[in-house]
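Participant: Handing over run_2.txt, compact mmCIF, C-alpha atoms and all ligand atoms.
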# COMPACT_ATOMS: atom_id res chain seq x y z
CA MET B 1 63.18 9.68 -31.20
CA ALA B 2 62.65 10.08 -27.44
CA ALA B 3 60.24 8.47 -25.02
CA LEU B 4 58.97 9.75 -21.68
CA ASP B 5 60.62 7.86 -18.84
CA ARG B 6 59.17 9.68 -15.81
CA ALA B 7 57.33 12.82 -14.82
CA ASP B 8 56.65 14.80 -11.66
CA THR B 9 54.09 17.59 -11.31
CA PHE B 10 53.93 19.62 -8.11
CA ILE B 11 52.83 22.98 -6.73
CA VAL B 12 55.31 25.34 -5.12
CA ASP B 13 54.02 28.14 -2.85
CA VAL B 14 56.41 31.09 -2.37
CA PRO B 15 55.44 34.22 -0.37
CA THR B 16 55.49 37.63 -2.07
CA ILE B 17 57.79 40.40 -0.77
CA ARG B 18 54.70 42.54 0.02
CA PRO B 19 50.97 42.24 -0.55
CA HIS B 20 50.28 42.67 -4.30
CA VAL B 21 46.91 44.40 -4.73
CA LEU B 22 45.02 43.77 -7.97
CA ALA B 23 41.41 44.59 -8.83
CA MET B 24 40.33 40.96 -8.41
CA ALA B 25 42.60 39.67 -5.65
CA THR B 26 45.34 40.57 -3.19
CA MET B 27 48.29 38.21 -3.38
CA HIS B 28 50.42 37.27 -0.38
CA SER B 29 52.09 34.36 -2.12
CA GLN B 30 52.37 32.83 -5.56
CA ALA B 31 51.45 29.21 -6.35
CA MET B 32 53.44 27.78 -9.28
CA THR B 33 52.65 24.42 -10.84
CA ILE B 34 55.91 22.89 -12.04
CA VAL B 35 56.15 19.90 -14.38
CA ARG B 36 59.39 17.98 -14.66
CA LEU B 37 59.79 15.45 -17.48
CA VAL B 38 62.68 13.02 -17.98
CA ASP B 39 63.21 11.11 -21.24
CA ASP B 40 64.68 7.64 -21.78
CA GLU B 41 68.19 9.10 -22.11
CA GLY B 42 67.93 10.99 -18.81
CA ILE B 43 67.40 14.43 -20.40
CA GLU B 44 65.21 16.56 -18.16
CA GLY B 45 62.81 19.37 -19.07
CA ILE B 46 60.91 21.72 -16.78
CA GLY B 47 57.86 23.88 -17.34
CA GLU B 48 55.61 26.12 -15.26
CA GLY B 49 51.87 26.79 -15.30
CA THR B 50 50.99 29.74 -13.11
CA THR B 51 47.95 31.94 -12.64
CA ILE B 52 47.07 34.77 -10.27
CA GLY B 53 44.77 34.64 -7.23
CA GLY B 54 43.52 31.06 -7.50
CA LEU B 55 40.49 31.10 -9.79
CA SER B 56 39.91 34.85 -9.57
CA TYR B 57 41.92 35.73 -12.71
CA GLY B 58 41.33 32.94 -15.17
CA GLU B 59 39.62 29.62 -15.67
CA GLU B 60 42.52 27.44 -14.51
CA SER B 61 43.81 27.12 -10.94
CA PRO B 62 47.17 25.73 -9.76
CA GLU B 63 45.35 22.56 -8.74
CA SER B 64 43.48 22.18 -12.06
CA ILE B 65 46.72 22.71 -13.99
CA GLN B 66 48.34 19.89 -11.99
CA SER B 67 45.38 17.58 -12.43
CA ALA B 68 45.01 18.25 -16.20
CA ILE B 69 48.69 17.43 -16.69
CA GLU B 70 48.72 14.31 -14.53
CA THR B 71 45.38 12.85 -15.59
CA TYR B 72 45.04 13.78 -19.26
CA ILE B 73 48.27 15.13 -20.77
CA LEU B 74 50.92 12.74 -19.44
CA PRO B 75 49.12 9.66 -20.88
CA VAL B 76 49.39 11.30 -24.34
CA LEU B 77 53.09 11.97 -23.80
CA GLU B 78 53.60 8.32 -22.81
CA THR B 79 52.67 7.23 -26.35
CA SER B 80 54.44 10.06 -28.22
CA ASP B 81 57.88 10.68 -29.66
CA ILE B 82 58.47 13.63 -27.33
CA SER B 83 61.49 14.85 -29.33
CA ARG B 84 58.88 16.09 -31.87
CA VAL B 85 57.43 18.94 -29.83
CA GLY B 86 54.94 20.31 -32.38
CA GLU B 87 53.59 16.86 -33.19
CA THR B 88 53.35 15.89 -29.50
CA MET B 89 51.45 19.08 -28.64
CA ALA B 90 49.11 18.54 -31.62
CA ARG B 91 48.32 15.08 -30.18
CA VAL B 92 47.67 16.71 -26.79
CA GLU B 93 45.44 19.31 -28.48
CA ALA B 94 43.35 16.54 -30.03
CA CYS B 95 42.69 14.96 -26.62
CA VAL B 96 42.48 17.98 -24.28
CA ARG B 97 40.32 21.02 -24.93
CA GLY B 98 41.17 24.35 -23.32
CA ASN B 99 43.53 24.08 -20.32
CA ARG B 100 45.98 26.43 -21.98
CA PHE B 101 48.06 27.00 -18.86
CA ALA B 102 48.57 23.26 -18.38
CA LYS B 103 49.50 22.84 -22.06
CA CYS B 104 51.91 25.75 -21.84
CA ALA B 105 53.71 24.14 -18.88
CA VAL B 106 54.08 20.85 -20.76
CA GLU B 107 55.15 22.46 -24.04
CA THR B 108 57.75 24.48 -22.10
CA ALA B 109 59.19 21.28 -20.58
CA LEU B 110 59.29 19.59 -24.01
CA LEU B 111 61.07 22.59 -25.54
CA ASP B 112 63.53 22.67 -22.63
CA MET B 113 64.39 19.03 -23.38
CA ALA B 114 64.54 19.64 -27.15
CA GLY B 115 66.93 22.57 -26.67
CA LYS B 116 69.16 20.46 -24.41
CA ARG B 117 69.18 17.60 -26.96
CA LEU B 118 70.15 20.00 -29.77
CA GLY B 119 72.47 22.15 -27.63
CA VAL B 120 70.59 25.40 -28.34
CA PRO B 121 68.50 27.83 -26.26
CA VAL B 122 64.69 27.55 -26.60
CA SER B 123 64.69 30.96 -28.30
CA GLU B 124 66.40 29.32 -31.31
CA LEU B 125 63.47 26.89 -31.64
CA ILE B 126 60.74 29.54 -31.90
CA GLY B 127 59.76 31.56 -34.98
CA GLY B 128 62.81 32.98 -36.76
CA GLY B 129 65.08 32.37 -33.75
CA ARG B 130 66.68 34.63 -31.18
CA ARG B 131 67.08 38.32 -32.04
CA ARG B 132 67.95 39.90 -28.68
CA ASP B 133 69.77 39.01 -25.45
CA THR B 134 68.17 41.46 -23.04
CA LEU B 135 64.60 42.62 -22.51
CA PRO B 136 63.42 45.87 -20.85
CA VAL B 137 61.45 45.02 -17.69
CA ALA B 138 58.62 46.98 -16.06
CA TRP B 139 57.71 46.76 -12.37
CA THR B 140 54.17 46.80 -11.03
CA LEU B 141 53.46 49.29 -8.26
CA ALA B 142 50.57 47.65 -6.42
CA SER B 143 51.09 48.03 -2.69
CA GLY B 144 47.65 49.65 -2.39
CA ASP B 145 49.18 52.88 -1.02
CA THR B 146 50.25 55.90 -3.14
CA ALA B 147 53.14 57.08 -0.94
CA ARG B 148 54.52 53.55 -0.62
CA ASP B 149 54.26 53.08 -4.42
CA ILE B 150 56.19 56.32 -5.02
CA ALA B 151 58.92 55.27 -2.56
CA GLU B 152 59.10 51.85 -4.23
CA GLY B 153 59.34 53.45 -7.69
CA GLU B 154 62.14 55.78 -6.49
CA ALA B 155 64.06 52.79 -5.09
CA MET B 156 63.70 50.92 -8.40
CA LEU B 157 64.96 53.92 -10.38
CA ASP B 158 67.91 54.40 -7.98
CA ALA B 159 68.84 50.73 -8.30
CA ARG B 160 68.54 51.00 -12.14
CA ARG B 161 66.21 48.01 -12.04
CA HIS B 162 63.01 49.45 -13.58
CA ARG B 163 61.97 52.67 -15.31
CA ILE B 164 58.63 51.44 -16.62
CA PHE B 165 55.90 51.22 -13.99
CA LYS B 166 52.49 49.62 -14.29
CA LEU B 167 49.91 50.62 -11.70
CA LYS B 168 47.09 48.27 -10.81
CA ILE B 169 43.81 50.15 -10.62
CA GLY B 170 40.08 49.43 -10.96
CA LYS B 171 39.26 48.73 -7.32
CA ARG B 172 38.45 52.27 -6.23
CA SER B 173 36.31 54.95 -7.92
CA VAL B 174 37.60 56.19 -11.28
CA ARG B 175 38.41 59.61 -9.82
CA ASP B 176 40.31 58.16 -6.83
CA ASP B 177 42.24 55.85 -9.13
CA VAL B 178 43.16 58.72 -11.46
CA ALA B 179 44.27 60.84 -8.47
CA HIS B 180 46.55 57.95 -7.42
CA VAL B 181 48.00 57.62 -10.94
CA GLY B 182 48.37 61.40 -11.28
CA ALA B 183 50.37 61.60 -8.04
CA ILE B 184 52.73 58.89 -9.24
CA CYS B 185 53.07 60.48 -12.71
CA LYS B 186 53.93 63.78 -11.02
CA ALA B 187 56.54 62.19 -8.75
CA LEU B 188 58.19 59.80 -11.24
CA GLY B 189 56.76 60.57 -14.66
CA SER B 190 59.63 62.62 -16.12
CA ARG B 191 62.04 59.73 -15.35
CA ALA B 192 59.75 56.80 -16.10
CA SER B 193 56.93 55.51 -18.25
CA ILE B 194 53.71 55.16 -16.24
CA ARG B 195 50.96 52.78 -17.40
CA VAL B 196 47.88 51.24 -15.76
CA ASP B 197 46.12 47.89 -15.76
CA VAL B 198 42.41 47.89 -14.87
CA ASN B 199 42.04 44.10 -15.17
CA GLN B 200 38.59 44.40 -16.85
CA ASN B 201 37.03 46.21 -13.87
CA TRP B 202 35.47 49.22 -15.61
CA SER B 203 32.26 49.57 -17.61
CA GLU B 204 32.54 51.21 -21.01
CA ALA B 205 31.25 54.52 -19.56
CA GLN B 206 33.79 54.40 -16.71
CA ALA B 207 36.53 53.58 -19.20
CA ARG B 208 35.58 56.52 -21.42
CA LEU B 209 35.92 58.89 -18.46
CA GLY B 210 38.92 57.12 -16.95
CA MET B 211 40.96 56.91 -20.15
CA ALA B 212 40.43 60.59 -20.94
CA MET B 213 41.46 61.60 -17.40
CA LEU B 214 44.44 59.22 -17.40
CA HIS B 215 45.70 60.71 -20.64
CA ASP B 216 45.54 64.18 -19.08
CA VAL B 217 47.67 63.18 -16.06
CA GLY B 218 50.40 61.62 -18.22
CA CYS B 219 49.56 57.90 -18.25
CA GLU B 220 50.98 56.33 -21.43
CA LEU B 221 49.04 53.08 -21.80
CA VAL B 222 45.78 51.60 -20.46
CA GLU B 223 45.63 47.82 -20.20
CA GLN B 224 42.36 45.90 -20.43
CA PRO B 225 40.02 48.61 -19.04
CA ILE B 226 36.84 46.61 -19.69
CA ALA B 227 35.81 42.95 -20.09
CA GLY B 228 38.05 41.09 -22.49
CA ASP B 229 35.11 39.66 -24.44
CA ALA B 230 33.55 43.12 -25.01
CA VAL B 231 35.35 43.43 -28.34
CA ALA B 232 33.03 46.04 -29.91
CA ALA B 233 33.29 48.27 -26.84
CA MET B 234 37.09 47.88 -26.83
CA ALA B 235 37.09 49.01 -30.46
CA ARG B 236 34.95 52.06 -29.61
CA LEU B 237 37.32 53.03 -26.79
CA SER B 238 40.41 52.35 -28.83
CA SER B 239 39.29 54.56 -31.68
CA SER B 240 37.91 57.39 -29.52
CA GLN B 241 40.59 57.73 -26.81
CA PRO B 242 44.02 59.32 -27.28
CA VAL B 243 45.76 57.00 -24.80
CA PRO B 244 46.57 53.59 -26.38
CA LEU B 245 44.51 50.60 -25.24
CA MET B 246 46.38 47.34 -24.63
CA ALA B 247 44.58 44.00 -24.73
CA ASP B 248 45.46 41.39 -22.10
CA GLU B 249 42.61 39.16 -20.85
CA ALA B 250 41.00 39.48 -24.32
CA LEU B 251 43.85 37.43 -25.79
CA THR B 252 43.47 33.69 -25.37
CA GLY B 253 45.48 32.52 -28.36
CA PRO B 254 45.67 33.09 -32.12
CA ARG B 255 41.91 32.96 -32.85
CA SER B 256 41.03 35.66 -30.33
CA ALA B 257 44.04 37.65 -31.53
CA LEU B 258 42.80 37.56 -35.11
CA ALA B 259 39.24 38.50 -34.07
CA LEU B 260 40.48 41.38 -31.92
CA ALA B 261 42.92 42.68 -34.53
CA SER B 262 40.20 42.48 -37.22
CA ALA B 263 37.82 44.46 -35.01
CA ALA B 264 40.53 47.07 -34.19
CA GLY B 265 39.84 46.35 -30.49
CA ALA B 266 43.29 47.43 -29.27
CA SER B 267 46.42 49.13 -30.54
CA VAL B 268 48.82 47.05 -28.40
CA PHE B 269 48.79 43.32 -27.55
CA ALA B 270 50.16 41.98 -24.25
CA LEU B 271 51.67 38.59 -25.10
CA LYS B 272 51.42 35.90 -22.43
CA ILE B 273 52.66 32.36 -22.90
CA ALA B 274 50.10 30.69 -20.63
CA GLN B 275 47.09 32.69 -21.78
CA SER B 276 48.07 32.01 -25.39
CA GLY B 277 48.31 28.27 -24.73
CA GLY B 278 52.08 27.89 -25.13
CA LEU B 279 55.24 29.34 -26.62
CA PHE B 280 54.46 28.47 -30.25
CA ALA B 281 50.95 29.98 -29.92
CA THR B 282 52.43 33.15 -28.40
CA ALA B 283 54.63 33.58 -31.46
CA GLU B 284 51.51 33.19 -33.62
CA VAL B 285 49.67 35.87 -31.61
CA ALA B 286 52.70 38.14 -32.09
CA ALA B 287 52.69 37.48 -35.85
CA ILE B 288 48.99 38.43 -36.07
CA ALA B 289 49.64 41.66 -34.14
CA ARG B 290 52.59 42.49 -36.34
CA ALA B 291 50.62 41.86 -39.53
CA ALA B 292 47.85 44.12 -38.22
CA GLY B 293 50.32 46.91 -37.41
CA LEU B 294 49.83 46.66 -33.63
CA GLY B 295 52.40 47.30 -30.90
CA LEU B 296 53.73 44.46 -28.73
CA TYR B 297 54.38 44.03 -25.01
CA GLY B 298 55.77 41.00 -23.19
CA GLY B 299 53.27 40.22 -20.43
CA THR B 300 53.41 37.99 -17.34
CA MET B 301 51.07 35.94 -15.20
CA LEU B 302 53.54 36.66 -12.39
CA GLU B 303 55.25 33.38 -13.11
CA GLY B 304 58.31 32.38 -11.15
CA ALA B 305 61.71 31.88 -12.74
CA VAL B 306 60.83 28.93 -15.01
CA GLY B 307 57.81 30.58 -16.67
CA THR B 308 59.68 33.88 -16.79
CA ALA B 309 62.64 32.26 -18.58
CA ALA B 310 60.24 30.56 -21.03
CA SER B 311 58.50 33.89 -21.73
CA ALA B 312 61.87 35.59 -22.18
CA HIS B 313 62.89 33.05 -24.83
CA VAL B 314 59.75 33.80 -26.87
CA PHE B 315 60.00 37.58 -26.47
CA ALA B 316 63.68 37.42 -27.49
CA THR B 317 62.58 36.24 -30.94
CA LEU B 318 60.47 39.33 -31.67
CA GLU B 319 61.73 41.90 -34.11
CA LYS B 320 59.93 44.73 -32.34
CA LEU B 321 58.79 44.95 -28.73
CA GLU B 322 57.80 48.60 -28.59
CA TRP B 323 56.38 48.52 -25.06
CA GLY B 324 59.02 46.31 -23.39
CA THR B 325 58.12 43.49 -21.01
CA GLU B 326 56.99 42.98 -17.42
CA LEU B 327 58.97 39.83 -16.70
CA PHE B 328 59.56 40.73 -13.05
CA GLY B 329 57.63 37.81 -11.47
CA PRO B 330 60.61 36.20 -9.66
CA LEU B 331 61.47 39.58 -8.09
CA LEU B 332 58.04 39.73 -6.44
CA GLN B 333 58.78 36.52 -4.53
CA THR B 334 60.87 36.21 -1.36
CA ASP B 335 62.87 33.33 -2.86
CA GLU B 336 63.83 32.33 -6.38
CA ILE B 337 63.67 28.59 -6.98
CA LEU B 338 66.68 28.42 -9.34
CA ALA B 339 70.21 27.26 -8.56
CA GLU B 340 71.43 30.42 -10.31
CA PRO B 341 68.99 33.36 -10.27
CA LEU B 342 67.90 35.15 -13.45
CA LYS B 343 69.98 38.29 -14.05
CA TYR B 344 68.33 41.70 -13.82
CA ALA B 345 70.49 44.79 -14.40
CA ASP B 346 70.30 48.16 -16.14
CA PHE B 347 66.50 48.09 -16.38
CA ALA B 348 66.57 44.76 -18.25
CA LEU B 349 66.46 40.99 -17.88
CA ALA B 350 69.23 38.94 -19.50
CA VAL B 351 67.70 36.14 -21.60
CA PRO B 352 69.40 32.88 -20.48
CA THR B 353 71.98 31.60 -22.94
CA GLY B 354 72.38 27.92 -22.00
CA PRO B 355 70.74 25.01 -23.84
CA GLY B 356 66.97 24.66 -23.41
CA LEU B 357 65.55 27.21 -20.99
CA GLY B 358 69.05 27.68 -19.61
CA VAL B 359 67.89 27.41 -15.99
CA THR B 360 68.21 24.76 -13.26
CA LEU B 361 65.97 24.26 -10.24
CA ASP B 362 67.41 24.62 -6.74
CA GLU B 363 66.47 21.23 -5.28
CA ASP B 364 66.66 22.38 -1.65
CA LYS B 365 64.28 25.27 -2.31
CA ILE B 366 61.90 23.01 -4.22
CA ALA B 367 61.92 20.52 -1.33
CA TYR B 368 61.26 23.39 1.09
CA PHE B 369 58.42 25.10 -0.82
CA ARG B 370 56.65 22.09 -2.42
CA ARG B 371 53.06 22.01 -1.24
CA ASP B 372 52.89 18.22 -1.07
CA ARG B 373 55.73 18.22 1.49
CA THR B 374 54.86 21.34 3.49
CA GLY B 375 51.10 21.31 3.09
CA ALA B 376 51.43 25.10 2.67
CA ARG B 377 48.64 27.06 1.01
CA LEU B 378 49.63 30.66 1.58
CA HIS B 379 47.19 33.33 0.48
C1 LIG B 401 48.12 41.25 -15.56
O1 LIG B 401 46.92 41.31 -15.62
O2 LIG B 401 48.75 41.84 -16.40
C2 LIG B 401 51.03 41.42 -14.56
C3 LIG B 401 51.71 42.22 -13.70
C4 LIG B 401 51.01 42.22 -12.49
O3 LIG B 401 51.28 42.82 -11.46
O4 LIG B 401 49.92 41.43 -12.62
C5 LIG B 401 49.96 40.81 -13.86
C6 LIG B 401 48.75 40.38 -14.50
MG MG B 402 46.96 42.68 -17.34
Show the structure stored in the file as structure tokens.
Facilitator:
Amino acid sequence: MAALDRADTFIVDVPTIRPHVLAMATMHSQAMTIVRLVDDEGIEGIGEGTTIGGLSYGEESPESIQSAIETYILPVLETSDISRVGETMARVEACVRGNRFAKCAVETALLDMAGKRLGVPVSELIGGGRRRDTLPVAWTLASGDTARDIAEGEAMLDARRHRIFKLKIGKRSVRDDVAHVGAICKALGSRASIRVDVNQNWSEAQARLGMAMLHDVGCELVEQPIAGDAVAAMARLSSSQPVPLMADEALTGPRSALALASAAGASVFALKIAQSGGLFATAEVAAIARAAGLGLYGGTMLEGAVGTAASAHVFATLEKLEWGTELFGPLLQTDEILAEPLKYADFALAVPTGPGLGVTLDEDKIAYFRRDRTGARLH
């Protein structure tokens, strides 16, 4: 039995190391909504709810995540036995529709506390428990400039940090985008896996042309080429194109996963803890993919270290993760907000081993970057 003693929810704005150019927004900073819960025995749990580009990516913003937690979710926690994470989140589900990113942040904090109480990492509390200690990590080349992307890719290979590269396309014409991808495949392709993410920006006709051309230049995977709710069109592309189609925005939890798998709308699923609505729901999406014979990839909403650690704990429970992960979010930021940074080496991220999430916030950095102290809104 545990009761909520106090809670703090705040937004942290950290600049990115370079502009990050996506089809729907260019990021100059990342805004992370952090929730910190403390129980009646002084055990603390932290969680993160993060999206990309304000409201340009999804239906929740950093501000709406904060307000959903403070106004609607915390009152449910105040009357719950928060040591029972599944039951507490079911009570939240009954009172709060949607708001998956906010729920994910809270569920993460509850699991962090539960792991600390039991003395085990969060990965031992999900599915069948932890199966791996490191995860392969991709890097996204998205400076907006081909030569700069190639130089960045070379530097990542030299440092043995990444050998999987995802290119963000969909902003320019299909032919210009394919020329950009082709140049990078030619420069790095024999030493790396090159994939693209269109972030829903093509029509079906553009995708048909683009996917065929991308296959010819050596691209190995095409992520969410068209609108995520265009399931029938995704199925047509998936069955007609040789390059595998990976679903990202189409996946908003187990129900959408089942619908998409049943319609054969993709051959790979990108798992995301926030988009799925939490860590437990992500494991359910993975189970549906596995049962349908689909490949798995550990996706990111470019979370900072807390959300990245939470994602890593879920992905560490998966038997197969054929396409690796892209848990590089903290590396895109100028500062990591942990007392001890996450460990990246040999093309992989080490899954934290301590109880709970196994990470601790750096209080000085939090004080420095918290929006309610600095007033910062960096875009
Ligand atoms: C997305 O759509 O996958 C992941 C990597 C990156 O650069 O952006 C994200 C979001
Ligand atoms: Mg994506």
Participant: Please provide the set of residues having any atom within 6 Å of Trp202 in chain B, restricted to only C-alpha atoms, with same-chain residues fewer than 5 positions apart removed, written as JSON, numbers by chain.
Facilitator: {"B": [207, 225, 226]}
Participant: Quick one: distance from CA of Gly170 in chain B to CA of Asn199 in chain B in Å, one decimal?
Facilitator: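 Result for CA of Gly170 in chain B versus CA of Asn199 in chain B: 7.1 Å, one decimal.
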Participant: Got a sec to check which residues lie within 9 Å of ligand MG 402 (chain B), using all atoms listed in the file, and send them as a ChimeraX atom specification?
Facilitator: /B:168,196-200,223-224,246-249,270,299-301
Participant: Compare B:Thr353, B:Pro15, B:Phe315, B:Ala233 by their minimum atom-to-atom distance to Lys116 in chain B, counting all atoms listed in the file, and give me the closest one.
Facilitator: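 Between B:Thr353, B:Pro15, B:Phe315, B:Ala233, the residue approaching Lys116 in chain B most closely is B:Thr353.
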Participant: Using only C-alpha atoms, determine which residues lie at most 7 Å from Ile82 in chain B, disregarding the query and same-chain residues fewer than 5 positions distant; provide the list as a list of chain:residue names.
Facilitator: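 That gives B:Ala2, B:Ala3, B:Leu4, B:Leu77, B:Thr88, B:Leu110.
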Participant: Could you work out an axis-aligned box for range 108-122 of chain B, taking every atom the file lists and adding 5 Å on each side, and report centre and edge lengths in Å to one decimal, as JSON?
Facilitator:
{"center_x": 65.1, "center_y": 22.7, "center_z": -25.2, "size_x": 24.7, "size_y": 20.2, "size_z": 19.2}
Participant: Name all residues at most 8 Å from Met27 in chain B (count all atoms listed in the file; drop same-chain ones fewer than 2 positions away) and give them as number ranges by chain.
Facilitator: B: 16, 19-22, 25, 29-30, 52-53, 379
Participant: Is there a way to get, as a PyMOL selection string, all residues within 9 Å of the point (65.2, 24.3, -9.0) in file coordinates, counting all atoms listed in the file?
Facilitator: chain B and resi 306+336-340+359-366
Participant: Kindly indicate which residue among B:Leu302, B:Val137, B:Ala212, B:Ala147 lies nearest to ligand LIG 401 (chain B), using only C-alpha atoms and all ligand atoms for the distances.
Facilitator: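 For ligand LIG 401 (chain B), the nearest of the given residues is B:Leu302.
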